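**Q** I am attaching a structure below and will ask some questions about it afterwards.
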Amino acid sequence: MEKLKIGISSCLLGNKVRYDGNHKFDHFITETLGRIFQYVPFCPEVGSGLPIPRETMHLVGDPSSPHLLTTRTQIDLTERLIRYTETTLNSISSENLSGFIFKSKSPSCGLFDTLVITTPNDGTVKRGTGLFAAAFTKKFPFIPVTDEKQLQDLPLREKFIEQVFAFSKCQDLKQ
């Protein structure tokens, strides 16, 4: 059986691309799901030219259209990440991805649980979506997506795997 192609946040595969030069290697994703999926790694921060290690970043403003700022120096990296994202998403179609596994809580890749500072003066926060993940799900609304935290929940894991196989079958029929 040919493995299905899945996009994935690069750090989950053990690539040392995080702000602190570390990774978030996930054994289940690589060892178990790796038997059925072929991974296509993405790291929006590194892809946009940011160094390793780098200053931490967070999202600020309206959760529906936040800005990406460095934590200490308050440098706005929003446009830089958006440029990378637009270029990457335009080329992703040729990858024939059947799903995507994002890194939770990431300001670029978090799906549901990324903190967005809505009122910087008093530190009010809401939950939002990372810039890359938001753009990906908008451009490819039918590609199944999840994050490593959801994969720890058996019903959500099974649902994601079923959706990936169903999506792949639909793509095969379209061709």
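Within each chain, counting starts at residue 1; across the structure tokens, chains are named A, B, ... in the order shown, with ligands numbered 1 upward in that order.
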Quick check for you: according to DSSP on this backbone, which residues of chain A are classed as alpha helix (DSSP H)? Reply as a PyMOL selection string.
**A** chain A and resi 27+44-47+78-92+131-139+154-174
**Q** Go ahead and save the residues from that selection, with N, CA and C atoms, as a short mmCIF file (atom, residue, chain, number, x, y, z; two decimals), in the first residue's frame.
**A**
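Below you can see result.cif, which holds the result:
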data_model
loop_
_atom_site.label_atom_id
_atom_site.label_comp_id
_atom_site.auth_asym_id
_atom_site.auth_seq_id
_atom_site.Cartn_x
_atom_site.Cartn_y
_atom_site.Cartn_z
N HIS A 27 6.59 10.48 19.35
CA HIS A 27 6.82 9.07 19.04
C HIS A 27 5.63 8.43 18.31
N PRO A 44 6.95 27.18 9.30
CA PRO A 44 6.78 28.53 8.78
C PRO A 44 7.82 29.54 9.29
N GLU A 45 8.22 29.41 10.56
CA GLU A 45 9.18 30.37 11.10
C GLU A 45 10.53 30.25 10.37
N VAL A 46 11.05 29.02 10.28
CA VAL A 46 12.32 28.80 9.60
C VAL A 46 12.16 29.07 8.10
N GLY A 47 11.04 28.64 7.53
CA GLY A 47 10.79 28.86 6.11
C GLY A 47 10.75 30.34 5.75
N THR A 78 4.58 39.78 11.17
CA THR A 78 3.35 39.34 10.49
C THR A 78 3.54 39.25 8.98
N GLU A 79 3.97 40.32 8.36
CA GLU A 79 4.10 40.34 6.89
C GLU A 79 5.10 39.30 6.40
N ARG A 80 6.18 39.13 7.13
CA ARG A 80 7.19 38.14 6.76
C ARG A 80 6.59 36.74 6.72
N LEU A 81 5.83 36.40 7.76
CA LEU A 81 5.23 35.07 7.82
C LEU A 81 4.11 34.93 6.78
N ILE A 82 3.37 35.99 6.56
CA ILE A 82 2.30 35.94 5.55
C ILE A 82 2.88 35.73 4.15
N ARG A 83 3.98 36.39 3.83
CA ARG A 83 4.62 36.21 2.52
C ARG A 83 5.04 34.75 2.33
N TYR A 84 5.70 34.18 3.34
CA TYR A 84 6.09 32.77 3.27
C TYR A 84 4.86 31.88 3.10
N THR A 85 3.85 32.15 3.89
CA THR A 85 2.63 31.33 3.87
C THR A 85 1.98 31.37 2.50
N GLU A 86 1.82 32.54 1.92
CA GLU A 86 1.18 32.64 0.60
C GLU A 86 1.97 31.88 -0.46
N THR A 87 3.28 32.03 -0.47
CA THR A 87 4.13 31.32 -1.43
C THR A 87 4.02 29.81 -1.23
N THR A 88 4.10 29.38 0.02
CA THR A 88 4.06 27.95 0.33
C THR A 88 2.70 27.35 -0.01
N LEU A 89 1.64 28.02 0.35
CA LEU A 89 0.31 27.48 0.07
C LEU A 89 0.04 27.41 -1.42
N ASN A 90 0.60 28.31 -2.19
CA ASN A 90 0.43 28.25 -3.65
C ASN A 90 1.13 27.03 -4.24
N SER A 91 2.21 26.58 -3.60
CA SER A 91 2.92 25.41 -4.12
C SER A 91 2.47 24.10 -3.48
N ILE A 92 1.74 24.17 -2.40
CA ILE A 92 1.32 22.95 -1.68
C ILE A 92 0.39 22.08 -2.51
N LEU A 131 -1.03 31.78 12.43
CA LEU A 131 -1.16 32.42 11.11
C LEU A 131 -1.10 31.41 9.96
N PHE A 132 -0.15 30.49 9.98
CA PHE A 132 -0.03 29.51 8.90
C PHE A 132 -1.23 28.56 8.90
N ALA A 133 -1.60 28.06 10.08
CA ALA A 133 -2.73 27.13 10.18
C ALA A 133 -4.02 27.79 9.71
N ALA A 134 -4.23 29.05 10.06
CA ALA A 134 -5.44 29.76 9.64
C ALA A 134 -5.49 29.89 8.12
N ALA A 135 -4.37 30.26 7.52
CA ALA A 135 -4.33 30.43 6.07
C ALA A 135 -4.49 29.08 5.36
N PHE A 136 -3.87 28.03 5.93
CA PHE A 136 -3.98 26.69 5.34
C PHE A 136 -5.43 26.23 5.32
N THR A 137 -6.10 26.33 6.47
CA THR A 137 -7.48 25.83 6.56
C THR A 137 -8.44 26.67 5.73
N LYS A 138 -8.10 27.92 5.51
CA LYS A 138 -8.93 28.77 4.65
C LYS A 138 -8.76 28.38 3.18
N LYS A 139 -7.53 28.15 2.76
CA LYS A 139 -7.25 27.82 1.36
C LYS A 139 -7.66 26.38 1.03
N LEU A 154 -8.39 9.16 21.54
CA LEU A 154 -8.68 8.06 20.61
C LEU A 154 -9.81 8.35 19.63
N PRO A 155 -10.97 8.84 20.06
CA PRO A 155 -12.03 9.13 19.08
C PRO A 155 -11.63 10.19 18.06
N LEU A 156 -10.93 11.24 18.51
CA LEU A 156 -10.49 12.28 17.58
C LEU A 156 -9.42 11.75 16.63
N ARG A 157 -8.54 10.89 17.13
CA ARG A 157 -7.51 10.27 16.29
C ARG A 157 -8.15 9.41 15.21
N GLU A 158 -9.10 8.57 15.62
CA GLU A 158 -9.78 7.70 14.64
C GLU A 158 -10.52 8.52 13.60
N LYS A 159 -11.17 9.59 14.05
CA LYS A 159 -11.91 10.46 13.12
C LYS A 159 -10.95 11.08 12.10
N PHE A 160 -9.80 11.57 12.56
CA PHE A 160 -8.83 12.17 11.65
C PHE A 160 -8.34 11.15 10.62
N ILE A 161 -7.97 9.97 11.07
CA ILE A 161 -7.46 8.93 10.15
C ILE A 161 -8.52 8.56 9.13
N GLU A 162 -9.76 8.39 9.57
CA GLU A 162 -10.86 8.09 8.64
C GLU A 162 -11.04 9.21 7.63
N GLN A 163 -10.99 10.45 8.09
CA GLN A 163 -11.15 11.59 7.19
C GLN A 163 -10.01 11.65 6.16
N VAL A 164 -8.80 11.33 6.58
CA VAL A 164 -7.66 11.34 5.67
C VAL A 164 -7.86 10.30 4.56
N PHE A 165 -8.27 9.09 4.94
CA PHE A 165 -8.48 8.04 3.94
C PHE A 165 -9.65 8.39 3.02
N ALA A 166 -10.72 8.93 3.58
CA ALA A 166 -11.87 9.33 2.76
C ALA A 166 -11.49 10.44 1.79
N PHE A 167 -10.74 11.44 2.28
CA PHE A 167 -10.31 12.53 1.43
C PHE A 167 -9.44 12.02 0.29
N SER A 168 -8.53 11.10 0.61
CA SER A 168 -7.64 10.54 -0.42
C SER A 168 -8.44 9.80 -1.48
N LYS A 169 -9.43 9.03 -1.06
CA LYS A 169 -10.30 8.30 -2.02
C LYS A 169 -11.05 9.28 -2.92
N CYS A 170 -11.56 10.34 -2.34
CA CYS A 170 -12.25 11.35 -3.14
C CYS A 170 -11.32 11.98 -4.17
N GLN A 171 -10.09 12.26 -3.76
CA GLN A 171 -9.11 12.83 -4.68
C GLN A 171 -8.80 11.85 -5.81
N ASP A 172 -8.70 10.57 -5.49
CA ASP A 172 -8.45 9.53 -6.51
C ASP A 172 -9.60 9.49 -7.52
N LEU A 173 -10.82 9.58 -7.02
CA LEU A 173 -11.99 9.55 -7.91
C LEU A 173 -12.04 10.77 -8.82
N LYS A 174 -11.63 11.93 -8.29
CA LYS A 174 -11.63 13.14 -9.11
C LYS A 174 -10.63 13.03 -10.27
#
**Q** Could you pull the residues within 8 Å of Ser10 in chain A, counting only C-alpha atoms, minus those fewer than 6 positions along the same chain, as a PyMOL selection string?
**A** chain A and resi 17+41-43
**Q** Quick one, how far is CA of Leu33 in chain A from CA of Gly130 in chain A?
**A**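 Straight-line distance from CA of Leu33 in chain A to CA of Gly130 in chain A works out to 23.9 Å.
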**Q** I'd like the contact shell of Thr129 in chain A - 12 Å cut-off, only C-alpha atoms, skipping same-chain residues fewer than 3 positions apart - returned as a count of residues only.
**A** 34
**Q** I need the residues in range 34-121 of chain A that are strand (DSSP E) according to DSSP; give them as a ChimeraX atom specification.
**A** /A:37-42,57-60,67-70,99-102,114-119
**Q** Just to be explicit: take each residue in the selection above, keep N, CA, C and O atoms, and write the result as a CSV table (one decimal), in the first residue's frame.
**A**
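Saved file selection.csv follows:
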chain,number,residue,atom,x,y,z
A,37,PHE,N,1.5,6.9,6.9
A,37,PHE,CA,1.6,8.3,6.3
A,37,PHE,C,3.1,8.6,5.9
A,37,PHE,O,4.0,8.2,6.6
A,38,GLN,N,3.2,9.3,4.8
A,38,GLN,CA,4.5,9.9,4.4
A,38,GLN,C,4.4,11.4,4.7
A,38,GLN,O,3.5,12.0,4.3
A,39,TYR,N,5.3,11.8,5.5
A,39,TYR,CA,5.2,13.2,6.0
A,39,TYR,C,6.0,14.2,5.1
A,39,TYR,O,7.1,13.9,4.6
A,40,VAL,N,5.3,15.4,4.9
A,40,VAL,CA,5.9,16.5,4.2
A,40,VAL,C,6.0,17.6,5.3
A,40,VAL,O,5.0,18.2,5.6
A,41,PRO,N,7.3,17.8,5.8
A,41,PRO,CA,7.4,18.8,6.9
A,41,PRO,C,7.4,20.2,6.5
A,41,PRO,O,7.9,20.6,5.4
A,42,PHE,N,6.9,21.1,7.4
A,42,PHE,CA,6.8,22.5,7.2
A,42,PHE,C,7.2,23.2,8.5
A,42,PHE,O,6.7,22.8,9.6
A,57,MET,N,7.9,34.4,20.2
A,57,MET,CA,6.9,35.2,19.6
A,57,MET,C,5.5,34.9,20.1
A,57,MET,O,5.3,33.9,20.7
A,58,HIS,N,4.6,35.9,20.0
A,58,HIS,CA,3.2,35.7,20.3
A,58,HIS,C,2.3,36.5,19.4
A,58,HIS,O,2.7,37.4,18.7
A,59,LEU,N,1.0,36.1,19.4
A,59,LEU,CA,0.0,36.8,18.6
A,59,LEU,C,-0.6,37.8,19.5
A,59,LEU,O,-0.9,37.6,20.6
A,60,VAL,N,-0.9,39.0,18.8
A,60,VAL,CA,-1.5,40.1,19.5
A,60,VAL,C,-2.6,40.7,18.7
A,60,VAL,O,-2.5,40.8,17.4
A,67,HIS,N,-1.5,40.0,14.9
A,67,HIS,CA,-0.2,40.3,14.5
A,67,HIS,C,0.8,39.4,15.2
A,67,HIS,O,0.5,39.0,16.4
A,68,LEU,N,1.9,39.0,14.6
A,68,LEU,CA,2.9,38.2,15.2
A,68,LEU,C,4.0,39.1,15.6
A,68,LEU,O,4.7,39.7,14.8
A,69,LEU,N,4.2,39.1,16.9
A,69,LEU,CA,5.3,40.0,17.5
A,69,LEU,C,6.3,39.2,18.3
A,69,LEU,O,5.9,38.3,19.0
A,70,THR,N,7.5,39.6,18.2
A,70,THR,CA,8.5,39.0,19.1
A,70,THR,C,8.2,39.5,20.5
A,70,THR,O,7.7,40.6,20.7
A,99,GLY,N,-3.9,15.3,4.3
A,99,GLY,CA,-4.2,15.8,5.7
A,99,GLY,C,-3.0,16.6,6.2
A,99,GLY,O,-2.0,16.8,5.5
A,100,PHE,N,-3.2,17.2,7.4
A,100,PHE,CA,-2.1,18.0,8.0
A,100,PHE,C,-2.2,17.8,9.5
A,100,PHE,O,-3.2,17.9,10.1
A,101,ILE,N,-1.0,17.6,10.1
A,101,ILE,CA,-0.9,17.6,11.6
A,101,ILE,C,-0.1,18.8,12.0
A,101,ILE,O,1.1,19.0,11.6
A,102,PHE,N,-0.7,19.7,12.7
A,102,PHE,CA,-0.1,20.9,13.2
A,102,PHE,C,0.4,20.8,14.6
A,102,PHE,O,-0.1,20.0,15.4
A,114,THR,N,-4.0,28.5,20.3
A,114,THR,CA,-2.9,29.5,20.4
A,114,THR,C,-3.4,30.7,21.1
A,114,THR,O,-4.5,31.3,20.8
A,115,LEU,N,-2.7,31.1,22.1
A,115,LEU,CA,-3.0,32.3,22.9
A,115,LEU,C,-2.8,33.6,22.0
A,115,LEU,O,-1.8,33.7,21.4
A,116,VAL,N,-3.8,34.5,22.1
A,116,VAL,CA,-3.8,35.7,21.4
A,116,VAL,C,-4.0,36.8,22.5
A,116,VAL,O,-5.0,36.8,23.1
A,117,ILE,N,-3.0,37.7,22.6
A,117,ILE,CA,-3.1,38.8,23.6
A,117,ILE,C,-4.0,39.8,23.0
A,117,ILE,O,-3.6,40.5,22.0
A,118,THR,N,-5.2,40.0,23.5
A,118,THR,CA,-6.2,40.9,22.9
A,118,THR,C,-6.0,42.3,23.4
A,118,THR,O,-6.4,43.3,22.8
A,119,THR,N,-5.6,42.4,24.7
A,119,THR,CA,-5.4,43.7,25.3
A,119,THR,C,-4.0,43.7,26.0
A,119,THR,O,-3.9,43.3,27.1
**Q** Which residues, written as a list in words, have at least one atom at most 7 Å from Cys11 in chain A, with only C-alpha atoms counted and residues fewer than 6 positions away on the same chain left out?
**A**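 Near Cys11 in chain A, the qualifying residues are Val17, Arg18, His23, Lys24 and Phe25 of chain A.
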**Q** Take the selection from the previous step and output its residues with all heavy atoms, as a PDB file, in the first residue's frame.
**A**
ATOM      1  N   VAL A  17      13.855  22.860  15.062  1.00  0.00           N
ATOM      2  CA  VAL A  17      13.498  24.118  14.400  1.00  0.00           C
ATOM      3  C   VAL A  17      12.784  25.100  15.327  1.00  0.00           C
ATOM      4  O   VAL A  17      12.462  26.207  14.916  1.00  0.00           O
ATOM      5  CB  VAL A  17      12.601  23.848  13.157  1.00  0.00           C
ATOM      6  CG1 VAL A  17      13.361  23.087  12.097  1.00  0.00           C
ATOM      7  CG2 VAL A  17      11.324  23.104  13.549  1.00  0.00           C
ATOM      8  N   ARG A  18      12.576  24.722  16.559  1.00  0.00           N
ATOM      9  CA  ARG A  18      11.840  25.591  17.476  1.00  0.00           C
ATOM     10  C   ARG A  18      12.676  26.790  17.905  1.00  0.00           C
ATOM     11  O   ARG A  18      13.885  26.819  17.723  1.00  0.00           O
ATOM     12  CB  ARG A  18      11.364  24.793  18.684  1.00  0.00           C
ATOM     13  CG  ARG A  18      10.263  23.814  18.283  1.00  0.00           C
ATOM     14  CD  ARG A  18       9.738  22.984  19.429  1.00  0.00           C
ATOM     15  NE  ARG A  18       9.386  23.729  20.612  1.00  0.00           N
ATOM     16  CZ  ARG A  18       8.218  24.342  20.825  1.00  0.00           C
ATOM     17  NH1 ARG A  18       7.286  24.318  19.911  1.00  0.00           N
ATOM     18  NH2 ARG A  18       7.988  24.963  21.958  1.00  0.00           N
ATOM     19  N   HIS A  23      13.139  20.514  19.621  1.00  0.00           N
ATOM     20  CA  HIS A  23      12.080  19.918  18.808  1.00  0.00           C
ATOM     21  C   HIS A  23      10.948  19.492  19.735  1.00  0.00           C
ATOM     22  O   HIS A  23      11.055  19.634  20.946  1.00  0.00           O
ATOM     23  CB  HIS A  23      12.614  18.711  18.029  1.00  0.00           C
ATOM     24  CG  HIS A  23      13.194  17.652  18.926  1.00  0.00           C
ATOM     25  ND1 HIS A  23      12.427  16.770  19.644  1.00  0.00           N
ATOM     26  CD2 HIS A  23      14.477  17.368  19.254  1.00  0.00           C
ATOM     27  CE1 HIS A  23      13.189  15.976  20.352  1.00  0.00           C
ATOM     28  NE2 HIS A  23      14.444  16.317  20.141  1.00  0.00           N
ATOM     29  N   LYS A  24       9.899  18.972  19.166  1.00  0.00           N
ATOM     30  CA  LYS A  24       8.781  18.403  19.928  1.00  0.00           C
ATOM     31  C   LYS A  24       8.472  17.014  19.371  1.00  0.00           C
ATOM     32  O   LYS A  24       7.330  16.692  19.053  1.00  0.00           O
ATOM     33  CB  LYS A  24       7.541  19.306  19.836  1.00  0.00           C
ATOM     34  CG  LYS A  24       7.633  20.546  20.681  1.00  0.00           C
ATOM     35  CD  LYS A  24       7.609  20.196  22.145  1.00  0.00           C
ATOM     36  CE  LYS A  24       7.605  21.425  23.016  1.00  0.00           C
ATOM     37  NZ  LYS A  24       7.484  21.109  24.424  1.00  0.00           N
ATOM     38  N   PHE A  25       9.526  16.192  19.238  1.00  0.00           N
ATOM     39  CA  PHE A  25       9.395  14.852  18.672  1.00  0.00           C
ATOM     40  C   PHE A  25       8.213  14.117  19.291  1.00  0.00           C
ATOM     41  O   PHE A  25       8.069  14.063  20.505  1.00  0.00           O
ATOM     42  CB  PHE A  25      10.680  14.061  18.904  1.00  0.00           C
ATOM     43  CG  PHE A  25      10.627  12.654  18.379  1.00  0.00           C
ATOM     44  CD1 PHE A  25      10.770  12.414  17.028  1.00  0.00           C
ATOM     45  CD2 PHE A  25      10.422  11.585  19.231  1.00  0.00           C
ATOM     46  CE1 PHE A  25      10.720  11.115  16.533  1.00  0.00           C
ATOM     47  CE2 PHE A  25      10.375  10.289  18.747  1.00  0.00           C
ATOM     48  CZ  PHE A  25      10.521  10.050  17.397  1.00  0.00           C
TER      49      PHE A  25
END
